[in-house]
$ cat start-v8.cif   # mmCIF, C-alpha atoms
data_work
#
loop_
_atom_site.label_atom_id
_atom_site.label_comp_id
_atom_site.auth_asym_id
_atom_site.auth_seq_id
_atom_site.Cartn_x
_atom_site.Cartn_y
_atom_site.Cartn_z
CA ASN O 330 172.39 37.39 167.30
CA GLU O 331 172.50 33.58 167.10
CA ASN O 332 174.41 33.61 163.79
CA ARG O 333 177.32 35.31 165.52
CA ILE O 334 177.22 32.66 168.25
CA PHE O 335 177.31 29.89 165.64
CA VAL O 336 180.33 31.45 163.92
CA LYS O 337 182.15 32.21 167.18
CA THR O 338 181.65 28.64 168.43
CA GLY O 339 182.67 27.16 165.09
CA LEU O 340 185.83 29.26 164.92
CA ALA O 341 186.75 28.26 168.48
CA ALA O 342 186.39 24.59 167.52
CA MET O 343 188.45 25.03 164.37
CA ASN O 344 191.22 26.83 166.23
CA ALA O 345 191.21 24.01 168.80
CA GLY O 346 191.96 21.58 165.98
CA LYS O 347 188.44 20.21 165.52
CA ILE O 348 188.33 20.54 161.75
CA ARG O 349 186.73 18.22 159.22
CA LYS O 350 189.56 16.53 157.32
CA GLY O 351 188.53 17.81 153.90
CA LEU O 352 188.30 21.35 155.22
CA ALA O 353 191.69 20.96 156.90
CA GLU O 354 193.15 20.05 153.50
CA LEU O 355 191.76 23.25 151.99
CA ILE O 356 192.94 25.32 154.96
CA ALA O 357 196.46 23.95 154.54
CA ARG O 358 196.43 24.78 150.83
CA SER O 359 195.29 28.31 151.70
CA ASP O 360 198.36 28.84 153.89
CA LEU O 361 196.28 28.99 157.07
CA ALA O 362 197.45 25.79 158.76
CA GLY O 363 198.75 26.47 162.25
CA LYS O 364 197.42 30.02 162.24
CA LYS O 365 194.59 31.56 164.21
CA ILE O 366 191.66 31.38 161.80
CA THR O 367 189.27 34.34 161.81
CA SER O 368 185.94 35.03 160.17
CA THR O 369 187.84 37.22 157.71
CA ASP O 370 190.09 34.30 156.71
CA LEU O 371 187.04 32.14 156.08
CA SER O 372 185.24 34.88 154.13
CA TRP O 373 188.18 35.76 151.89
CA LYS O 374 189.98 32.44 151.43
CA ILE O 375 188.04 29.30 152.36
CA ILE O 376 184.42 30.11 151.49
CA PRO O 377 185.21 31.58 148.03
CA SER O 378 187.15 28.40 147.23
CA LEU O 379 184.25 26.15 148.27
CA ASN O 380 181.82 28.36 146.34
CA ALA O 381 184.02 28.34 143.24
CA ALA O 382 183.06 24.75 142.51
CA GLY O 383 179.39 25.73 142.34
CA ARG O 384 180.16 28.78 140.23
CA MET O 385 181.98 26.52 137.79
CA GLY O 386 179.00 24.15 137.70
CA GLN O 387 180.65 21.41 139.77
CA SER O 388 179.30 21.93 143.29
CA THR O 389 179.54 18.20 144.10
CA VAL O 390 183.34 18.53 144.18
CA SER O 391 183.12 20.63 147.36
CA LEU O 392 180.70 18.15 148.91
CA GLU O 393 183.01 15.26 148.04
CA LEU O 394 185.95 17.08 149.63
CA LEU O 395 184.05 17.51 152.89
CA ILE O 396 182.75 13.93 153.21
CA SER O 397 185.59 11.89 151.73
CA GLU O 398 187.33 9.35 153.97
CA SER O 399 190.23 8.94 151.54
CA PRO O 400 193.32 11.18 152.02
CA GLN O 401 194.18 10.76 148.35
CA GLU O 402 190.71 11.81 147.23
CA ARG O 403 190.68 14.79 149.61
CA ASN O 404 194.03 15.92 148.25
CA GLN O 405 192.78 15.58 144.67
CA LYS O 406 189.49 17.40 145.38
CA ALA O 407 191.22 20.25 147.22
CA ALA O 408 193.60 20.72 144.31
CA GLN O 409 190.65 20.70 141.91
CA ILE O 410 188.80 23.29 143.98
CA GLN O 411 191.84 25.56 144.12
CA ALA O 412 192.20 25.33 140.35
CA MET O 413 188.52 26.21 139.88
CA ASN O 414 188.89 29.18 142.22
CA GLU O 415 191.79 30.50 140.14
CA GLN O 416 189.67 30.00 137.04
CA ARG O 417 186.82 31.87 138.74
CA LYS O 418 189.15 34.81 139.44
CA MET O 419 190.17 34.84 135.78
CA PHE O 420 186.52 34.84 134.67
CA VAL O 421 185.81 37.79 136.97
CA ALA O 422 188.76 39.74 135.57
CA ASP O 423 187.59 38.94 132.02
CA GLY O 424 184.04 40.05 132.85
CA GLU O 425 185.30 43.35 134.22
CA SER O 426 187.33 43.86 131.06
CA TYR O 427 184.45 43.03 128.71
CA THR O 428 182.06 45.44 130.42
CA ALA O 429 184.26 48.34 131.62
CA ARG O 430 183.19 50.87 128.98
CA GLN O 431 179.59 49.66 128.96
CA ALA O 432 179.40 50.11 132.74
CA GLU O 433 180.57 53.73 132.52
CA GLU O 434 178.11 54.50 129.74
CA SER O 435 175.19 52.85 131.53
CA LEU O 436 175.43 55.28 134.45
CA ALA O 437 174.40 58.20 132.23
CA ARG O 438 171.83 56.05 130.44
CA PHE O 439 170.14 55.21 133.73
CA GLN O 440 170.46 58.65 135.38
CA ASN O 441 173.18 57.53 137.81
CA LYS O 442 170.63 55.32 139.52
CA LEU O 443 171.67 51.95 138.08
CA CYS O 444 174.63 50.28 136.41
CA ILE O 445 173.62 47.55 133.93
CA VAL O 446 175.94 45.47 131.76
CA GLN O 447 175.30 42.51 129.47
CA ASP O 448 177.68 40.38 127.44
CA ALA O 449 177.46 36.78 126.26
CA ARG O 450 181.14 36.30 127.14
CA ILE O 451 180.48 36.79 130.89
CA ASN O 452 180.71 33.40 132.60
CA ARG O 453 177.36 32.48 134.06
CA GLY O 454 178.86 31.60 137.43
CA ILE O 455 180.27 35.05 138.16
CA THR O 456 177.40 37.43 137.31
CA GLY O 457 176.79 37.98 141.03
CA ILE O 458 180.44 38.79 141.73
CA LEU O 459 180.57 41.15 138.75
CA ALA O 460 177.37 42.93 139.81
CA SER O 461 178.77 43.27 143.34
CA LYS O 462 182.02 44.79 142.06
CA LEU O 463 180.11 47.28 139.91
CA MET O 464 177.87 48.23 142.82
CA GLN O 465 180.88 48.82 145.06
CA LYS O 466 182.72 50.81 142.40
CA TYR O 467 179.86 53.15 141.47
CA ASN O 468 177.77 53.00 144.67
CA VAL O 469 174.54 52.32 142.76
CA PRO O 470 172.53 49.10 142.34
CA ALA O 471 174.08 47.00 139.58
CA ILE O 472 172.91 44.25 137.23
CA ALA O 473 175.10 41.88 135.21
CA ILE O 474 173.53 39.76 132.47
CA THR O 475 174.86 36.92 130.34
CA PHE O 476 173.20 34.24 128.20
CA SER O 477 172.76 30.49 128.04
CA GLU O 478 174.99 28.57 125.62
CA ASP O 479 172.27 28.53 122.95
CA LYS O 480 171.63 32.27 123.53
CA THR O 481 167.92 31.68 124.16
CA VAL O 482 167.88 32.60 127.87
CA ALA O 483 169.24 35.72 129.56
CA VAL O 484 170.61 35.02 133.03
CA GLY O 485 171.45 37.81 135.44
CA SER O 486 172.28 38.90 138.96
CA MET O 487 171.48 42.08 140.82
CA ARG O 488 173.33 43.58 143.78
CA SER O 489 171.64 46.52 145.44
CA CYS O 490 172.47 49.34 147.84
CA ARG O 491 171.15 52.67 149.12
CA ASN O 492 167.84 51.12 150.17
CA LEU O 493 166.64 49.91 146.77
CA ILE O 494 165.14 46.48 147.55
CA ALA O 495 166.34 44.05 144.87
CA THR O 496 163.40 41.64 145.12
CA ASP O 497 160.83 44.46 145.04
CA PHE O 498 162.57 45.86 141.97
CA LEU O 499 162.31 42.54 140.14
CA ASP O 500 158.76 41.89 141.37
CA SER O 501 157.68 45.12 139.65
CA PHE O 502 158.13 43.39 136.28
CA GLY O 503 155.07 41.25 137.00
CA THR O 504 154.56 37.55 137.45
CA ASP O 505 154.97 36.48 133.82
CA PHE O 506 158.12 38.32 132.72
CA PHE O 507 160.78 36.10 134.30
CA LEU O 508 161.33 32.38 133.91
CA ASN O 509 162.45 32.53 137.53
CA HIS O 510 163.70 35.13 139.97
CA GLY O 511 164.36 35.50 143.67
CA GLY O 512 166.76 36.59 146.35
CA HIS O 513 166.68 39.06 149.21
CA ASN O 514 166.91 42.80 149.82
CA ALA O 515 170.50 43.25 148.68
CA ALA O 516 171.00 40.44 146.17
CA ALA O 517 168.83 38.66 143.63
CA GLY O 518 169.04 36.53 140.53
CA PHE O 519 166.78 36.09 137.53
CA SER O 520 166.37 34.65 134.05
CA PHE O 521 164.09 35.47 131.14
CA ASN O 522 163.74 34.65 127.46
CA ALA O 523 166.57 36.41 125.62
CA GLY O 524 164.10 38.00 123.23
CA LYS O 525 162.81 40.09 126.13
CA LEU O 526 166.13 41.88 126.70
CA ASP O 527 165.03 45.11 124.97
CA ALA O 528 161.75 45.02 126.89
CA PHE O 529 163.73 44.53 130.12
CA ILE O 530 165.83 47.64 129.45
CA GLN O 531 162.81 49.69 128.34
CA LYS O 532 160.90 48.72 131.46
CA ILE O 533 163.80 49.84 133.66
CA GLN O 534 164.03 53.17 131.83
CA SER O 535 160.32 53.74 132.39
CA MET O 536 160.82 53.04 136.10
CA LEU O 537 163.66 55.54 136.56
CA PRO O 538 161.45 58.48 137.69
CA GLU O 539 160.12 56.26 140.49
CA ILE O 540 163.50 54.98 141.64
CA THR O 541 164.82 56.90 144.63
CA LEU O 542 168.15 56.02 146.19
CA ASP O 543 169.23 57.05 149.65
CA GLU O 544 171.79 59.84 149.69
CA GLU O 545 175.39 58.75 149.28
CA ASN O 546 177.27 58.68 152.55
CA ASP O 547 181.03 59.02 152.24
CA SER O 548 181.59 59.27 155.98
CA LEU O 549 183.26 56.51 157.96
CA ASP O 550 182.18 55.45 161.43
CA ILE O 551 185.13 55.41 163.82
CA ASP O 552 185.18 53.19 166.91
CA ALA O 553 188.06 54.90 168.70
CA GLU O 554 190.88 57.42 168.33
CA LEU O 555 194.22 55.91 169.29
CA PRO O 556 197.23 57.99 170.33
CA ALA O 557 200.53 56.69 168.95
CA ASP O 558 201.56 55.04 172.23
CA TYR O 559 198.34 52.96 172.21
CA ILE O 560 199.32 51.37 168.88
CA THR O 561 200.97 48.22 170.17
CA PRO O 562 200.75 44.47 169.43
CA GLU O 563 198.28 44.18 172.33
CA LEU O 564 195.67 45.69 169.99
CA LEU O 565 195.19 42.20 168.54
CA THR O 566 194.09 40.86 171.94
CA LEU O 567 191.54 43.64 172.22
CA ILE O 568 190.23 43.08 168.70
CA ASP O 569 189.85 39.34 169.28
CA LYS O 570 187.25 40.08 171.96
CA PHE O 571 185.00 41.59 169.29
CA GLU O 572 185.33 38.70 166.81
CA PRO O 573 183.77 37.33 164.73
CA PHE O 574 183.27 40.27 162.41
CA GLY O 575 180.74 40.29 159.60
CA GLU O 576 177.35 41.68 158.65
CA GLU O 577 176.06 43.98 161.42
CA ASN O 578 179.33 43.57 163.34
CA PRO O 579 181.97 45.25 161.14
CA GLU O 580 185.68 45.22 161.89
CA LEU O 581 186.82 47.79 164.43
CA ARG O 582 187.88 51.00 162.75
CA PHE O 583 190.37 53.39 164.35
CA ILE O 584 191.75 56.84 163.69
CA SER O 585 195.19 58.06 164.71
CA LYS O 586 196.67 61.48 164.12
CA ASN O 587 200.15 62.80 163.56
CA LEU O 588 201.85 59.42 163.02
CA ALA O 589 205.42 59.68 161.73
CA VAL O 590 206.22 57.85 158.47
CA SER O 591 209.63 56.23 158.94
CA ASP O 592 209.63 54.28 155.67
CA ALA O 593 207.44 53.58 152.63
CA VAL O 594 207.81 51.19 149.70
CA ILE O 595 205.70 50.37 146.65
CA LEU O 596 204.49 46.79 146.25
CA GLY O 597 203.25 44.92 143.17
CA LYS O 598 204.06 44.79 139.49
CA THR O 599 200.57 45.28 138.06
CA GLU O 600 198.88 48.55 137.12
CA ARG O 601 197.28 48.76 140.57
CA GLN O 602 200.26 48.94 142.89
CA HIS O 603 200.07 49.07 146.66
CA LEU O 604 201.88 51.00 149.36
CA LYS O 605 203.54 49.62 152.47
CA ILE O 606 204.23 52.21 155.14
CA MET O 607 206.14 51.89 158.41
CA PHE O 608 204.89 54.19 161.16
CA ASP O 609 207.05 55.19 164.10
CA CYS O 610 204.68 54.91 167.05
CA GLY O 611 207.29 55.51 169.72
CA LYS O 612 207.98 52.16 171.39
CA TYR O 613 206.91 50.20 168.30
CA LYS O 614 207.35 50.47 164.56
CA PHE O 615 203.97 49.55 163.09
CA PRO O 616 203.56 48.40 159.45
CA ALA O 617 200.59 49.44 157.34
CA LEU O 618 199.25 48.43 153.92
CA PHE O 619 197.43 50.92 151.71
CA TRP O 620 195.86 48.90 148.90
CA GLY O 621 196.00 50.43 145.43
CA GLU O 622 197.39 53.75 146.65
CA ALA O 623 201.03 53.59 145.52
CA ALA O 624 200.59 56.77 143.45
CA ARG O 625 200.10 58.82 146.61
CA LEU O 626 203.71 58.35 147.71
CA ASN O 627 205.73 61.49 146.92
CA ASN O 628 202.56 63.14 145.60
CA ASP O 629 200.33 63.48 148.66
CA PHE O 630 202.95 62.61 151.28
CA SER O 631 206.52 61.34 151.65
CA VAL O 632 208.79 59.55 154.10
CA LYS O 633 209.34 61.69 157.24
CA ASP O 634 205.90 63.28 156.88
CA ARG O 635 203.27 62.85 159.57
CA LEU O 636 199.87 61.44 158.66
CA ASP O 637 196.35 61.27 160.04
CA VAL O 638 195.06 57.77 159.22
CA ILE O 639 191.92 55.66 159.46
CA PHE O 640 192.58 51.93 159.68
CA ASN O 641 191.72 48.38 160.71
CA VAL O 642 194.25 46.12 162.45
CA THR O 643 194.92 42.57 161.20
CA ARG O 644 197.48 39.80 161.65
CA ASN O 645 200.32 39.32 159.21
CA TYR O 646 201.94 35.87 158.99
CA TYR O 647 205.46 35.64 157.62
CA ASN O 648 208.07 32.91 158.10
CA GLY O 649 206.19 31.54 161.09
CA THR O 650 206.00 34.93 162.80
CA ILE O 651 202.74 36.72 163.58
CA THR O 652 202.84 40.51 163.56
CA PRO O 653 200.05 43.10 163.68
CA GLN O 654 199.59 45.44 160.74
CA MET O 655 197.29 48.28 159.83
CA ILE O 656 195.08 48.19 156.76
CA LEU O 657 194.69 51.85 155.85
CA LEU O 658 191.27 53.06 154.73
CA ASP O 659 192.25 56.72 154.39
CA ALA O 660 195.31 58.88 155.01
CA GLN O 661 196.22 62.52 154.71
CA LYS O 662 199.10 64.70 155.71
CA SER O 663 198.68 65.87 159.28
CA SER O 664 198.08 69.51 160.02
CA VAL O 665 199.33 69.04 163.58
CA SER O 666 202.90 70.15 164.21
CA GLU O 667 205.34 67.71 165.74
#

$ encode --input "start-v8.cif" --output "structure tokens"
Amino acid sequence: NENRIFVKTGLAAMNAGKIRKGLAELIARSDLAGKKITSTDLSWKIIPSLNAAGRMGQSTVSLELLISESPQERNQKAAQIQAMNEQRKMFVADGESYTARQAEESLARFQNKLCIVQDARINRGITGILASKLMQKYNVPAIAITFSEDKTVAVGSMRSCRNLIATDFLDSFGTDFFLNHGGHNAAAGFSFNAGKLDAFIQKIQSMLPEITLDEENDSLDIDAELPADYITPELLTLIDKFEPFGEENPELRFISKNLAVSDAVILGKTERQHLKIMFDCGKYKFPALFWGEAARLNNDFSVKDRLDVIFNVTRNYYNGTITPQMILLDAQKSSVSE
């Protein structure tokens, strides 16, 4: 509704060069200068950087970046924000490491209805991100808890799914349990005296028989099936008409069958390596990224195989050139003969 109009109008202004100077500094540092900025770029690069200052307890730095009239100050604030965002990423990775085993064990403890972790080493600013990652990984509502520096207050975030209303869940503890709590259907935050942690867990366990989650849905909604000769750079022009994407207006999702794999390489040096595939679509060779799925090459499929794939289409910027690329969501060897 009107939120989409606000975003669409704002993006049009930004892409016409009407950008607040402090924001332009951050955009340049995010390697987006001179590129067509989309809602996805803002959601994944710019907004997390601005939010990082607040998560690190220094929200005024973002404000100062946006209102400063001094180029030197804007440059210094943008650099500071980028450094805090990198620190935020490190804190998230640390939090995942601290709680990995606990998260797995909590699923059985809470009858596969909730995932709850708590550790004093979790940075207070990233409990929401950690809860969101756990929710996405296990597809159950998740809670991440840490503690104040003096260990007297437990501070937590909840991210919910499958129609469990986060605020209703917290409200069920009564009016005098929390020091404060609030949020909305899918996300909430809270704090309580640390001495109540056992009571918090016991209360949740007593509530388990009453907690009902909607059935898991592993299906993907597809907007269109594209034959190979429809997979051309003009797809970007079509997709732009549906921007901006976001809540209640997800990115277009396509399926194509029997695409020929002309090349495939593994990317990345970490444990979670990625796969870059080149599809022969007839007139065009079309690149695709398959995040975290490097192990499938030469196990599930190989070069010269044909695949059925589900994908989004995005822009790839490299050396000043803009090219379309697929982001694969699923792929399997085609059963259709050539």

$ closest_atom_pairs --input "start-v8.cif" --of "segment 537-619 of chain O" --to "segment 428-450 of chain O" --cutoff "10 Å" --atoms "all atoms listed in the file" --output "JSON lines"
{"residue": "O:Leu537", "atom": "CA", "partner": "O:Phe439", "partner_atom": "CA", "distance": 7.1}
{"residue": "O:Pro538", "atom": "CA", "partner": "O:Gln440", "partner_atom": "CA", "distance": 9.3}
{"residue": "O:Ile540", "atom": "CA", "partner": "O:Lys442", "partner_atom": "CA", "distance": 7.4}
{"residue": "O:Thr541", "atom": "CA", "partner": "O:Lys442", "partner_atom": "CA", "distance": 7.9}
{"residue": "O:Leu542", "atom": "CA", "partner": "O:Lys442", "partner_atom": "CA", "distance": 7.2}

$ resolve_selection --input "start-v8.cif" --expression "the PyMOL selection byres ((chain O and resi 458) around 12)" --output "compact mmCIF listing (two decimals) with C-alpha atoms, keeping the file's coordinate frame"
# COMPACT_ATOMS: atom_id res chain seq x y z
CA PRO O 377 185.21 31.58 148.03
CA ASN O 380 181.82 28.36 146.34
CA ALA O 381 184.02 28.34 143.24
CA ARG O 384 180.16 28.78 140.23
CA ARG O 417 186.82 31.87 138.74
CA LYS O 418 189.15 34.81 139.44
CA PHE O 420 186.52 34.84 134.67
CA VAL O 421 185.81 37.79 136.97
CA ALA O 422 188.76 39.74 135.57
CA GLY O 424 184.04 40.05 132.85
CA GLU O 425 185.30 43.35 134.22
CA ILE O 451 180.48 36.79 130.89
CA ASN O 452 180.71 33.40 132.60
CA ARG O 453 177.36 32.48 134.06
CA GLY O 454 178.86 31.60 137.43
CA ILE O 455 180.27 35.05 138.16
CA THR O 456 177.40 37.43 137.31
CA GLY O 457 176.79 37.98 141.03
CA LEU O 459 180.57 41.15 138.75
CA ALA O 460 177.37 42.93 139.81
CA SER O 461 178.77 43.27 143.34
CA LYS O 462 182.02 44.79 142.06
CA LEU O 463 180.11 47.28 139.91
CA MET O 464 177.87 48.23 142.82
CA GLN O 465 180.88 48.82 145.06
CA ALA O 471 174.08 47.00 139.58
CA ILE O 472 172.91 44.25 137.23
CA ALA O 473 175.10 41.88 135.21
CA ILE O 474 173.53 39.76 132.47
CA GLY O 485 171.45 37.81 135.44
CA SER O 486 172.28 38.90 138.96
CA MET O 487 171.48 42.08 140.82
CA ARG O 488 173.33 43.58 143.78
CA ALA O 516 171.00 40.44 146.17
CA ALA O 517 168.83 38.66 143.63
CA GLY O 518 169.04 36.53 140.53

$ closest_residue --input "start-v8.cif" --among "O:Arg491, O:Ser591, O:Leu395, O:Asn522" --to "Asp505 of chain O" --atoms "all atoms listed in the file"
O:Asn522

$ resolve_selection --input "start-v8.cif" --expression "the PyMOL selection byres ((chain O and resi 660) around 6)" --output "list of chain:residue names"
O:Asp637, O:Val638, O:Asp659, O:Gln661

$ atom_distance --input "start-v8.cif" --atom1 "atom CA of Lys586 of chain O" --atom2 "atom CA of Lys605 of chain O"
18.0 Å

$ resolve_selection --input "start-v8.cif" --expression "the PyMOL selection byres ((chain O and resi 523) around 9)" --output "number ranges by chain"
O: 476-477, 480-484, 520-522, 524-527

$ closest_residue --input "start-v8.cif" --among "O:Gln411, O:Lys614, O:Ala589, O:Trp620" --to "Asp634 of chain O" --atoms "only C-alpha atoms"
O:Ala589

$ closest_residue --input "start-v8.cif" --among "O:Thr369, O:Thr475, O:Ser399, O:Asn514" --to "Cys490 of chain O" --atoms "all atoms listed in the file"
O:Asn514

$ closest_residue --input "start-v8.cif" --among "O:Ser548, O:Leu392, O:Pro562, O:Phe502" --to "Gln531 of chain O" --atoms "all atoms listed in the file"
O:Phe502

$ atom_distance --input "start-v8.cif" --atom1 "atom CA of His603 of chain O" --atom2 "atom CA of Glu576 of chain O"
26.7 Å

$ closest_residue --input "start-v8.cif" --among "O:Pro400, O:Gly503, O:Gly512, O:Pro616" --to "Thr652 of chain O" --atoms "all atoms listed in the file"
O:Pro616

$ residues_around --input "start-v8.cif" --residues "Lys364 of chain O" --least-positions-apart "3" --cutoff "12 Å" --atoms "all atoms listed in the file" --output "PyMOL selection string"
chain O and resi 340+343-346+353+356-357+359-361+367+370+644-652

$ atom_distance --input "start-v8.cif" --atom1 "atom CA of Lys406 of chain O" --atom2 "atom CA of Gly363 of chain O"
21.3 Å
